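One file, run_28.txt, carrying compact mmCIF, N, CA and C atoms:
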```txt
# COMPACT_ATOMS: atom_id res chain seq x y z
N TYR J 11 -14.18 11.21 24.00
CA TYR J 11 -13.14 11.09 22.98
C TYR J 11 -12.83 12.44 22.35
N SER J 12 -13.85 13.21 22.02
CA SER J 12 -13.61 14.52 21.39
C SER J 12 -12.89 15.46 22.34
N LEU J 13 -13.10 15.30 23.65
CA LEU J 13 -12.40 16.11 24.63
C LEU J 13 -10.89 15.91 24.52
N PHE J 14 -10.47 14.67 24.35
CA PHE J 14 -9.04 14.38 24.30
C PHE J 14 -8.39 14.88 23.00
N LYS J 15 -9.18 15.07 21.95
CA LYS J 15 -8.63 15.64 20.72
C LYS J 15 -8.25 17.10 20.93
N LYS J 16 -8.93 17.77 21.84
CA LYS J 16 -8.68 19.19 22.09
C LYS J 16 -7.55 19.42 23.10
N ILE J 17 -7.19 18.41 23.85
CA ILE J 17 -6.18 18.54 24.89
C ILE J 17 -4.80 18.19 24.32
N ASP J 18 -3.83 19.05 24.59
CA ASP J 18 -2.46 18.80 24.12
C ASP J 18 -1.76 17.85 25.08
N LEU J 19 -1.59 16.61 24.65
CA LEU J 19 -0.86 15.63 25.45
C LEU J 19 0.56 15.42 24.92
N GLY J 20 0.96 16.28 24.01
CA GLY J 20 2.30 16.15 23.44
C GLY J 20 2.44 14.93 22.55
N PHE J 21 1.32 14.46 21.97
CA PHE J 21 1.36 13.25 21.14
C PHE J 21 2.13 13.49 19.86
N ARG J 22 3.03 12.56 19.56
CA ARG J 22 3.78 12.58 18.31
C ARG J 22 3.73 11.18 17.70
N GLN J 23 3.27 11.10 16.48
CA GLN J 23 3.22 9.81 15.79
C GLN J 23 4.48 9.69 14.94
N SER J 24 5.52 9.16 15.55
CA SER J 24 6.83 9.14 14.91
C SER J 24 7.20 7.78 14.34
N GLY J 25 6.43 6.75 14.68
CA GLY J 25 6.77 5.41 14.25
C GLY J 25 7.87 4.84 15.12
N SER J 26 8.09 3.54 15.01
CA SER J 26 9.20 2.92 15.75
C SER J 26 9.70 1.69 14.99
N LEU J 27 10.93 1.35 15.26
CA LEU J 27 11.56 0.18 14.64
C LEU J 27 11.76 -0.91 15.67
N TYR J 28 11.47 -2.13 15.26
CA TYR J 28 11.80 -3.31 16.06
C TYR J 28 12.92 -4.01 15.31
N LEU J 29 14.07 -4.17 15.92
CA LEU J 29 15.21 -4.80 15.27
C LEU J 29 15.32 -6.26 15.66
N ALA J 30 15.61 -7.10 14.68
CA ALA J 30 15.75 -8.54 14.92
C ALA J 30 17.19 -8.96 14.61
N PHE J 31 17.69 -9.85 15.45
CA PHE J 31 19.07 -10.30 15.31
C PHE J 31 19.17 -11.79 14.96
N SER J 32 18.01 -12.43 14.73
CA SER J 32 18.00 -13.84 14.32
C SER J 32 16.71 -14.14 13.56
N ASN J 33 16.77 -15.18 12.74
CA ASN J 33 15.56 -15.61 12.02
C ASN J 33 14.49 -16.07 12.99
N LYS J 34 14.92 -16.70 14.07
CA LYS J 34 13.96 -17.15 15.09
C LYS J 34 13.20 -15.96 15.67
N GLU J 35 13.90 -14.88 15.91
CA GLU J 35 13.28 -13.67 16.45
C GLU J 35 12.27 -13.08 15.45
N ILE J 36 12.62 -13.09 14.17
CA ILE J 36 11.70 -12.58 13.15
C ILE J 36 10.44 -13.43 13.09
N GLU J 37 10.60 -14.75 13.10
CA GLU J 37 9.43 -15.63 13.04
C GLU J 37 8.55 -15.47 14.28
N LYS J 38 9.17 -15.33 15.45
CA LYS J 38 8.42 -15.14 16.68
C LYS J 38 7.61 -13.84 16.61
N LYS J 39 8.22 -12.77 16.11
CA LYS J 39 7.53 -11.49 16.01
C LYS J 39 6.38 -11.57 15.00
N LYS J 40 6.57 -12.28 13.88
CA LYS J 40 5.50 -12.46 12.90
C LYS J 40 4.29 -13.16 13.52
N GLU J 41 4.54 -14.20 14.29
CA GLU J 41 3.46 -14.92 14.96
C GLU J 41 2.74 -14.02 15.95
N GLU J 42 3.50 -13.27 16.70
CA GLU J 42 2.93 -12.33 17.68
C GLU J 42 2.04 -11.29 16.99
N LEU J 43 2.50 -10.77 15.87
CA LEU J 43 1.74 -9.77 15.13
C LEU J 43 0.44 -10.35 14.57
N LYS J 44 0.50 -11.60 14.09
CA LYS J 44 -0.69 -12.26 13.57
C LYS J 44 -1.70 -12.49 14.69
N GLU J 45 -1.22 -12.94 15.86
CA GLU J 45 -2.10 -13.18 17.01
C GLU J 45 -2.80 -11.90 17.44
N LEU J 46 -2.09 -10.79 17.37
CA LEU J 46 -2.64 -9.50 17.79
C LEU J 46 -3.39 -8.81 16.66
N ASN J 47 -3.42 -9.45 15.49
CA ASN J 47 -4.08 -8.90 14.32
C ASN J 47 -3.48 -7.55 13.91
N LEU J 48 -2.16 -7.44 14.03
CA LEU J 48 -1.47 -6.20 13.71
C LEU J 48 -0.60 -6.31 12.47
N TYR J 49 -0.50 -7.49 11.90
CA TYR J 49 0.47 -7.71 10.83
C TYR J 49 0.28 -6.74 9.67
N CYS J 50 -0.96 -6.38 9.35
CA CYS J 50 -1.19 -5.48 8.23
C CYS J 50 -0.76 -4.04 8.54
N LYS J 51 -0.59 -3.70 9.80
CA LYS J 51 -0.22 -2.34 10.19
C LYS J 51 1.29 -2.18 10.38
N VAL J 52 2.02 -3.28 10.20
CA VAL J 52 3.45 -3.28 10.44
C VAL J 52 4.15 -3.72 9.16
N GLN J 53 5.24 -3.03 8.83
CA GLN J 53 5.98 -3.36 7.62
C GLN J 53 7.25 -4.11 7.98
N GLU J 54 7.42 -5.29 7.40
CA GLU J 54 8.66 -6.04 7.62
C GLU J 54 9.76 -5.42 6.75
N LEU J 55 10.93 -5.24 7.35
CA LEU J 55 12.05 -4.60 6.64
C LEU J 55 13.26 -5.52 6.59
N THR J 56 14.02 -5.39 5.52
CA THR J 56 15.28 -6.10 5.41
C THR J 56 16.36 -5.32 6.15
N LYS J 57 17.51 -5.94 6.31
CA LYS J 57 18.64 -5.27 6.95
C LYS J 57 18.99 -3.98 6.21
N ASN J 58 19.06 -4.04 4.88
CA ASN J 58 19.41 -2.84 4.10
C ASN J 58 18.37 -1.74 4.23
N GLU J 59 17.11 -2.10 4.27
CA GLU J 59 16.06 -1.08 4.44
C GLU J 59 16.18 -0.39 5.79
N ILE J 60 16.49 -1.16 6.82
CA ILE J 60 16.67 -0.57 8.16
C ILE J 60 17.89 0.34 8.18
N LEU J 61 18.98 -0.12 7.59
CA LEU J 61 20.20 0.70 7.58
C LEU J 61 20.02 2.00 6.81
N LYS J 62 19.12 2.01 5.83
CA LYS J 62 18.82 3.27 5.14
C LYS J 62 18.08 4.24 6.05
N LEU J 63 17.18 3.68 6.89
CA LEU J 63 16.42 4.52 7.82
C LEU J 63 17.27 4.96 9.01
N GLU J 64 18.05 4.03 9.53
CA GLU J 64 18.86 4.27 10.74
C GLU J 64 20.27 3.71 10.50
N PRO J 65 21.14 4.50 9.86
CA PRO J 65 22.47 3.99 9.49
C PRO J 65 23.38 3.62 10.66
N ASN J 66 23.06 4.06 11.86
CA ASN J 66 23.96 3.81 12.99
C ASN J 66 23.57 2.59 13.83
N VAL J 67 22.58 1.80 13.40
CA VAL J 67 22.24 0.61 14.17
C VAL J 67 23.29 -0.47 13.94
N SER J 68 23.26 -1.46 14.78
CA SER J 68 24.24 -2.54 14.73
C SER J 68 24.22 -3.25 13.38
N GLU J 69 25.38 -3.58 12.90
CA GLU J 69 25.50 -4.35 11.66
C GLU J 69 25.04 -5.80 11.87
N ASN J 70 24.83 -6.20 13.12
CA ASN J 70 24.42 -7.57 13.43
C ASN J 70 22.94 -7.84 13.19
N ILE J 71 22.17 -6.80 12.88
CA ILE J 71 20.74 -7.03 12.63
C ILE J 71 20.58 -7.82 11.35
N ILE J 72 19.49 -8.58 11.27
CA ILE J 72 19.21 -9.28 10.02
C ILE J 72 17.91 -8.79 9.38
N GLY J 73 17.15 -8.00 10.13
CA GLY J 73 15.88 -7.47 9.64
C GLY J 73 15.13 -6.84 10.78
N GLY J 74 13.87 -6.54 10.52
CA GLY J 74 13.06 -5.96 11.58
C GLY J 74 11.70 -5.53 11.06
N PHE J 75 11.04 -4.71 11.85
CA PHE J 75 9.68 -4.29 11.56
C PHE J 75 9.52 -2.80 11.84
N LEU J 76 8.79 -2.14 10.96
CA LEU J 76 8.49 -0.72 11.14
C LEU J 76 7.03 -0.58 11.55
N TYR J 77 6.82 -0.01 12.71
CA TYR J 77 5.48 0.29 13.22
C TYR J 77 5.19 1.74 12.87
N LYS J 78 4.62 1.98 11.69
CA LYS J 78 4.42 3.35 11.20
C LYS J 78 3.47 4.15 12.08
N GLU J 79 2.47 3.49 12.67
CA GLU J 79 1.45 4.21 13.44
C GLU J 79 1.83 4.39 14.91
N GLU J 80 2.97 3.89 15.30
CA GLU J 80 3.41 3.99 16.69
C GLU J 80 3.67 5.45 17.05
N GLY J 81 3.35 5.81 18.26
CA GLY J 81 3.58 7.16 18.71
C GLY J 81 3.81 7.21 20.21
N PHE J 82 3.98 8.39 20.72
CA PHE J 82 4.14 8.56 22.16
C PHE J 82 3.52 9.87 22.58
N LEU J 83 3.26 9.99 23.86
CA LEU J 83 2.73 11.24 24.40
C LEU J 83 3.52 11.60 25.64
N ASN J 84 3.30 12.81 26.09
CA ASN J 84 3.99 13.32 27.26
C ASN J 84 3.26 12.81 28.50
N ASN J 85 3.89 11.87 29.21
CA ASN J 85 3.24 11.24 30.38
C ASN J 85 2.94 12.22 31.49
N ILE J 86 3.78 13.21 31.67
CA ILE J 86 3.53 14.20 32.73
C ILE J 86 2.27 14.99 32.42
N LYS J 87 2.11 15.41 31.16
CA LYS J 87 0.89 16.13 30.77
C LYS J 87 -0.34 15.25 30.97
N LEU J 88 -0.23 13.98 30.59
CA LEU J 88 -1.35 13.05 30.75
C LEU J 88 -1.74 12.91 32.21
N LEU J 89 -0.77 12.70 33.08
CA LEU J 89 -1.06 12.54 34.51
C LEU J 89 -1.68 13.79 35.11
N LYS J 90 -1.20 14.95 34.72
CA LYS J 90 -1.77 16.21 35.23
C LYS J 90 -3.23 16.36 34.80
N ILE J 91 -3.52 16.03 33.55
CA ILE J 91 -4.89 16.15 33.05
C ILE J 91 -5.80 15.12 33.73
N LEU J 92 -5.33 13.88 33.85
CA LEU J 92 -6.14 12.86 34.52
C LEU J 92 -6.40 13.22 35.98
N SER J 93 -5.38 13.74 36.64
CA SER J 93 -5.51 14.15 38.03
C SER J 93 -6.54 15.27 38.14
N SER J 94 -6.47 16.22 37.25
CA SER J 94 -7.41 17.33 37.24
C SER J 94 -8.84 16.85 37.02
N ILE J 95 -9.02 15.93 36.10
CA ILE J 95 -10.37 15.38 35.82
C ILE J 95 -10.91 14.65 37.05
N CYS J 96 -10.05 13.86 37.68
CA CYS J 96 -10.47 13.11 38.87
C CYS J 96 -10.84 14.03 40.04
N GLN J 97 -10.08 15.11 40.20
CA GLN J 97 -10.36 16.05 41.28
C GLN J 97 -11.65 16.82 41.05
N ASP J 98 -12.00 17.03 39.77
CA ASP J 98 -13.22 17.75 39.42
C ASP J 98 -14.48 16.92 39.66
N LYS J 99 -14.34 15.62 39.77
CA LYS J 99 -15.52 14.75 39.89
C LYS J 99 -15.88 14.47 41.30
```

Write the structure described by the file as structure tokens, please.
Amino acid sequence: YSLFKKIDLGFRQSGSLYLAFSNKEIEKKKEELKELNLYCKVQELTKNEILKLEPNVSENIIGGFLYKEEGFLNNIKLLKILSSICQDK
């Protein structure tokens, strides 16, 4: 684990938005989050809160969820490092 902290994988913790276009979709996502035990890590947002964050999204949204801890990494860097580790073994 400490090895991966030293390796630059291009990780950025930028968060992500899940947009919902129906009440059914919101309820389904809430159940999914509870099942995965993630509900406390995700913030439910109203339409107005989402539009403040992302003013260019569809006006048809009714709400959504903000995954503050969501991030991404550079897949090419990851594959190169994993390949290198595998070749060394």

Give me every strand (DSSP E or B) residue in chain J, going by DSSP on the backbone, as a list in words.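 The strand (DSSP E or B) subset of chain J is Arg22, Ser26, Leu27, Tyr28, Leu29, Ala30, Val52, Gln53, Glu54, Leu55, Thr56, Gly73, Gly74, Phe75, Leu76, Tyr77 and Phe82 of chain J.
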
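Distances here use only C-alpha atoms; by that measure, the residue among J:Gly74, J:Leu48, J:Thr56, J:Ser68 closest to J:Ile36 is J:Gly74.
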
Quick one: pull the distance between atom N of J:Ser32 and atom N of J:Ile72, Å, one decimal. 5.4 Å

May I have the protein, DNA and RNA residues with an atom at most 8 Å from (-3.0, 15.9, 27.2), counting only C-alpha atoms in the file's coordinates, returned as JSON, numbers by chain? {"J": [14, 17, 18, 19, 20, 21, 83, 84, 87, 88, 91]}

d(atom CA of J:Ser24, atom CA of J:Ser93) in Å: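 Separating atom CA of J:Ser24 from atom CA of J:Ser93 is a distance of 26.7 Å.
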
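For the atom pair formed by atom C of J:Phe31 and atom CA of J:Gln53, the distance is 17.3 Å, given to one decimal.
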
Given all atoms listed in the file as the basis, pick out the residue of J:Leu76, J:Ile86, J:Ile60, J:Leu92 nearest to J:Tyr28. J:Leu76

Excluding same-chain residues fewer than 5 positions from J:Lys51, what lies within 12 Å of it counting only C-alpha atoms, as a list in words?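 In the requested form, the answer reads Gly25, Lys40, Leu43, Lys44, Leu46, Phe75, Leu76, Tyr77, Lys78, Glu79 and Glu80 of chain J.
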
Could I get stretch 61-73 of chain J rebuilt with N, CA, C and O atoms, written as a JSON list (two decimals), in the coordinates of the input?
```json
[["chain", "number", "residue", "atom", "x", "y", "z"],
["J", 61, "LEU", "N", 18.98, -0.12, 7.59],
["J", 61, "LEU", "CA", 20.20, 0.70, 7.58],
["J", 61, "LEU", "C", 20.02, 2.00, 6.81],
["J", 61, "LEU", "O", 20.67, 2.99, 7.12],
["J", 62, "LYS", "N", 19.12, 2.01, 5.83],
["J", 62, "LYS", "CA", 18.82, 3.27, 5.14],
["J", 62, "LYS", "C", 18.08, 4.24, 6.05],
["J", 62, "LYS", "O", 18.30, 5.44, 6.01],
["J", 63, "LEU", "N", 17.18, 3.68, 6.89],
["J", 63, "LEU", "CA", 16.42, 4.52, 7.82],
["J", 63, "LEU", "C", 17.27, 4.96, 9.01],
["J", 63, "LEU", "O", 17.17, 6.10, 9.47],
["J", 64, "GLU", "N", 18.05, 4.03, 9.53],
["J", 64, "GLU", "CA", 18.86, 4.27, 10.74],
["J", 64, "GLU", "C", 20.27, 3.71, 10.50],
["J", 64, "GLU", "O", 20.58, 2.59, 10.88],
["J", 65, "PRO", "N", 21.14, 4.50, 9.86],
["J", 65, "PRO", "CA", 22.47, 3.99, 9.49],
["J", 65, "PRO", "C", 23.38, 3.62, 10.66],
["J", 65, "PRO", "O", 24.36, 2.91, 10.46],
["J", 66, "ASN", "N", 23.06, 4.06, 11.86],
["J", 66, "ASN", "CA", 23.96, 3.81, 12.99],
["J", 66, "ASN", "C", 23.57, 2.59, 13.83],
["J", 66, "ASN", "O", 24.16, 2.37, 14.88],
["J", 67, "VAL", "N", 22.58, 1.80, 13.40],
["J", 67, "VAL", "CA", 22.24, 0.61, 14.17],
["J", 67, "VAL", "C", 23.29, -0.47, 13.94],
["J", 67, "VAL", "O", 24.08, -0.41, 12.99],
["J", 68, "SER", "N", 23.26, -1.46, 14.78],
["J", 68, "SER", "CA", 24.24, -2.54, 14.73],
["J", 68, "SER", "C", 24.22, -3.25, 13.38],
["J", 68, "SER", "O", 23.16, -3.52, 12.81],
["J", 69, "GLU", "N", 25.38, -3.58, 12.90],
["J", 69, "GLU", "CA", 25.50, -4.35, 11.66],
["J", 69, "GLU", "C", 25.04, -5.80, 11.87],
["J", 69, "GLU", "O", 24.88, -6.54, 10.91],
["J", 70, "ASN", "N", 24.83, -6.20, 13.12],
["J", 70, "ASN", "CA", 24.42, -7.57, 13.43],
["J", 70, "ASN", "C", 22.94, -7.84, 13.19],
["J", 70, "ASN", "O", 22.51, -8.98, 13.30],
["J", 71, "ILE", "N", 22.17, -6.80, 12.88],
["J", 71, "ILE", "CA", 20.74, -7.03, 12.63],
["J", 71, "ILE", "C", 20.58, -7.82, 11.35],
["J", 71, "ILE", "O", 21.42, -7.75, 10.45],
["J", 72, "ILE", "N", 19.49, -8.58, 11.27],
["J", 72, "ILE", "CA", 19.21, -9.28, 10.02],
["J", 72, "ILE", "C", 17.91, -8.79, 9.38],
["J", 72, "ILE", "O", 17.60, -9.11, 8.26],
["J", 73, "GLY", "N", 17.15, -8.00, 10.13],
["J", 73, "GLY", "CA", 15.88, -7.47, 9.64],
["J", 73, "GLY", "C", 15.13, -6.84, 10.78],
["J", 73, "GLY", "O", 15.66, -6.65, 11.87]]
```
